[in-house]
Amino acid sequence: MNHFITPSSIKVKIAENKSNLINITDVNGLFLMELVGECVMEESIMESILDGRTRTEINKRFFEWLSELDDTSVYRIFLSKLREYGQKHIANLLDGTPGELPLSHKVRQHLQKIVRELTQNIDLGSGLLESLQAQGVISEIDCQDIKAEKKPLARAKSLWDVLLRGSDRSFEKFKVEIVKTQPEMMKLIEHQDGSVDKPHVDRLRKHCDVLARCMDVNVLTIAYLQSKGVIDGDMADSLQSTEKLFKKVNQVYNFLLIKSKGFFDSFLNVMKENEQKHVANLLMENLSGQQPLSDKDHKRLVQIKPDLIIGIHNNVCLISAIHGDRENDETDFAISRTDYEMLTEKPLTKTEKNSALIDAVLRRTDYSLKSLETALRTTKQGHMADFLKEGIMFGADVKTTRTDKEEELVDLFNATIATIQSSGKPSSDEERQFAEKCNFLASLNMPPIAAESSNSIMIYSYCKRPADAERYVEYLNSGQLQDIYETMLNLLLKIIEPDNYEPLEAAIILKDEDRNILEEFIDESATAQDKSTCPLRGDLGSSIPVLQDSFVRQNSPRAYVPYSGCSDVNKEIALQRKKLEEDLQLVSSCRSKSIELKESFEKQQAHFLRKMDDSKAAVSKKCEDLKEKVENFKQMLLRDQEKHKKQVEGTMGERIRALESYVSVVSDYEGRLRFLMEHGTSAEICKSFKALHERAGKLLKVPDQTSGNVVEILQGYPKLNPLIPKHLEERFPVEICEKLVPEQKDFLVEYMDPVAGLLEQLVALRALSGETVAEIRKLSFHRDMNKRLIESIVADDKCQQLVFALESSKQSHLLNYLESRGKYDPKYDHNWPILEPERIHLDSLKDQLPCLLIPVYLNWLQGMNVLNLWHVNLILSKPSLEAKCDTFLEILKRGSRNDFFNVANLLENYQAQSHLKPLVRHKSFLVNSVDPDMCLIDILKPCLSAKEFRSIKSERSPLKRNQKLVDAVSGSNKYDEFISALKETGQGHIANYLNANGVYDQKFAGDWPAVFSTGWEILKRNRKFLVDNLKLRDFLDGLVSSSAINSKQRDSLLQIQSKLQRNEAFVDMLGRGSMENYNRAVAFFHASGQNEVAVLLGRPPEPALAFGHVQLGLQFQVNLERERAELMSAFGEVVVFPQLGL
């Protein structure tokens, strides 16, 4: 650092490099906070700088402020902070210190010029980011931010932004790394590749805009390019998979920029052979051949494309006339063969066909546009041919009394015009009269072109010159055009309904869009005198005649405008007409508002019904999926049970037959022995004694071999296993699991979390026995528990069950590590273990963890899957705050990076709210728990103003009274007085809660709010029974003597006459009181003979669990595990517990 800096020298450097500094300096909120902390910047100035909407605006405001200072110490602090925040190259530039500097203006300008091409071509998936981070080119935070971007282009853009803000040395290191992985990128960066012919690159860049709109990269073009060796298979597949044409053209453009002249020439030959000579002529700058559509014609065609789609009557004759027209030889067609085949062979609607035709012409040449004009004239659509060059097309909104037939009228209108154009011979008298009306309007140069249905009938007309538009306005305002359209529609209605003799009535209006088109067209060439003969401003349109009562007019009318030839009209009639029109406008305005409201309600109704249908379909689909899974699981269990049943029946049958044989042999032996004893002689007995005695010894051993019970027999057969999800079986087959688990044993011993429900899941999966789980639980350290667990799993070949148990116990980050063999893949994102080098960041959080041990943050951590019920139970069971924090930290170390980021964000949120006072932070709890009737307000009177005291006292609602009290105390900064008053009025449990910031400690014992205990859930669940059955009036003195309530509370209860209200007030007192008061009340009810109430209130509340729903969830889990253990011990291996959540 240069120690001889002066403010003037720094200001000169800032002035010389201001534009560069504004673009590369990172002036963020943290950097400005450091300057505020050093007392060199005021907080108001920091806020005004950060009010800038963009980074450039923020930097500009900062350097303007810096340029106004003359204090050398401020500049020294500023330069030191730049070096601390990784912007050493900027500090070197400002103070003249040798070393790394920002990129030069020339290099930055060159890179910004080609940044689009660089972004398109750089590959970040080849380990480039990791190499750049290892070389110190980008920081770890920059690397994470780049990877956080979802789209590849956004990631590449973020990398280039970092490099452009970096130093020259960092950029040199980047070039070294890019040469290793992507050497072709250096051709763009250095622009020194001898194989690239610079003129053709310049031509590509010069004509890139025209190329983007005239080049057609279709299937045939891709096949040509691949067959000629211009592109490889991968490039062809990439083009085939891209849907948007402009994206395909962009890929080809970027590809050609980095290829040699040989590739470029081959590309031009393919364009010539593939009916795209105009593309080759454009890039070769050959003005003698076909050229893309001129900018003027292209702009005109794009502008009128929506009107052409409506107005052109497209048929086979039109397409054949266009494609059959050619210029020089057989290959110079007006449209390509691909476009011709799509327009003639595919079943397209009129709109799709016209849109495709116009797009095909837009991609072709001036000759293609001329061919389209010629084809339109050939098919008797001369007005549309004229429209290609000049004129306007607009629509008149025709409201009719036959809204039910509007779609049929529109279809017949278009079909009749197309028939007249194609054959010219009407098939009926109605069509003949219709054709006469069309010819009459055409003779006036305002022919009807087509019609469209959209809540009314839109009839489109064409005017070639402004004079034609003025004539259209005359006929419209005079009502003649309305009569003509009404007659034409009645003729069409007669064709649709021959037996209908009731004519329809019609009214014409012009929408604002079409009104503006006419106004602008007339204003282009009409003089002020010409416009005075055509009353157009604000009153364009016709008056709506009086129609039948059944016709509902849905749009506001416009005023009738007389023409200059009507100057002799009677003034009285004109005044009456004006008044009637005013009345009509008011009525129609009200009707329009009603119709708009009706349409709004109809849209809301349709939206609601659509959402309900979608929800119903989703629910039905989910139910069907669940039903199928349950049915499959049921069939699997039934098959296994049937198999076991047959095995058991076979074994038992064999044993029964063996016992029957044994009984038969014994019976025969017994008969013979009895006969010998009764009838045999002494000699015969002595002779047979030895053989009979040995036979008896053998028979006595048979029952031992055939004895046993059903449970012993079942132990010899395979156990029933719950269903393992199919996706896990495919991802981790049995043979893979049996290799992975022993290989990664050391990793699993270190990082597995056995207390996160893992043991319970393994019991449910029948991978561990009850005895093994008991042995594991006896061990004190997690490593010992994991080591014993893995030994048992590997010995019993239950490795796949361990994988499923890890997934079910929210330890999927360990599965990602196992699957990749410890090699990180970006697809895992942050679902990855926190390995040893990163754990140092966790140790720095230990001092901040106590603030998360309050109910609201534990709730959030559960919702974010950082903790589960087992974790919460384990943390809150620890006796001291330090032990809780140590346990929490150990859980985080075995978690994923996602868990770490969620905890860090939660700590950041807590620190953002740490400036709040305790009374403000716990205001909701205080409003619901403080008892203001215990003289609390009177004790705090000295801390309150007279107005505040009267306002609090006069409030009847306890909740509003507490709210005003808390607001008044927090506003006057009387926190210590408030704590003293709480203790003095017997509410020390609330004081303990505030002082401990909501984190329970064993030293409080029972002096803790009952609302954060199991007692609160019991009171809520049984409130109605307690209110109906408590007998208090004769026992209030006993409750006072047992210290369950105090005398003031007793007096307030005695003042309540209604039994139900008194009981309800007592239940509220127990809820607002401490756990000790709750215990004393339960003991008193036992002693006073109200055993039913005492049993219902149950055992004393447990403070270790700080909020109700966690307690209930843990209690349910504990009961479930206890019942499971009892069933398994009673029924052995017969009991099966399927995995929950199928």
# chains A, B, ... in the order shown; residues from 1 in each chain; ligands from 1

$ residues_around --residues "stretch 337-354 of chain A" --least-positions-apart "6" --cutoff "9 Å" --atoms "only C-alpha atoms" --output "list in words"
Asn218, Val219, Leu220, Glu275, Leu308, Ile309, Ile310, Ile312, His313, Asn314, Asn315, Val316, Ile319, Ser320, His323 and Ala360 of chain A

$ select_by_dssp --residues "stretch 134-300 of chain A" --states "alpha helix (DSSP H)" --output "VMD selection string"
chain A and resid 134 140 to 148 152 to 165 168 to 181 185 to 190 198 to 206 208 to 214 219 to 227 233 to 241 245 to 257 261 to 273 277 to 284 295 to 300

$ closest_residue --among "A:Leu762, A:Ile496, A:Ala1044, A:Ile1056" --to "A:Val1082" --atoms "only C-alpha atoms"
A:Ala1044

$ residues_around --residues "A:Asp237" --least-positions-apart "3" --cutoff "12 Å" --atoms "only C-alpha atoms" --output "VMD selection string"
chain A and resid 219 222 to 223 226 231 to 234 240 to 243 248 251

$ atom_distance --atom1 "atom CA of A:Leu376" --atom2 "atom CA of A:Met446"
17.6 Å

$ residues_around --residues "A:Ser428" --least-positions-apart "6" --cutoff "12 Å" --atoms "only C-alpha atoms" --output "ChimeraX atom specification"
/A:416,419-420,434-435,491-492,494-495

$ residues_around --residues "A:Tyr460" --least-positions-apart "6" --cutoff "9 Å" --atoms "only C-alpha atoms" --output "ChimeraX atom specification"
/A:307,310-311,393-397,447-452

$ residues_around --residues "stretch 137-143 of chain A" --least-positions-apart "4" --cutoff "7 Å" --atoms "only C-alpha atoms" --output "PDB file with C-alpha atoms, in the first residue's frame"
ATOM      1  CA  LEU A 129     -15.622 -23.758 -11.941  1.00  0.00           C
ATOM      2  CA  LEU A 132     -11.080 -21.578 -11.147  1.00  0.00           C
ATOM      3  CA  GLN A 133     -11.957 -21.682  -7.454  1.00  0.00           C
ATOM      4  CA  LYS A 147     -24.049 -22.867  -9.477  1.00  0.00           C
ATOM      5  CA  SER A 170      -7.217 -13.455 -12.358  1.00  0.00           C
ATOM      6  CA  LYS A 173      -5.191 -17.534 -14.698  1.00  0.00           C
ATOM      7  CA  PHE A 174      -8.602 -18.037 -16.293  1.00  0.00           C
TER       8      PHE A 174
END
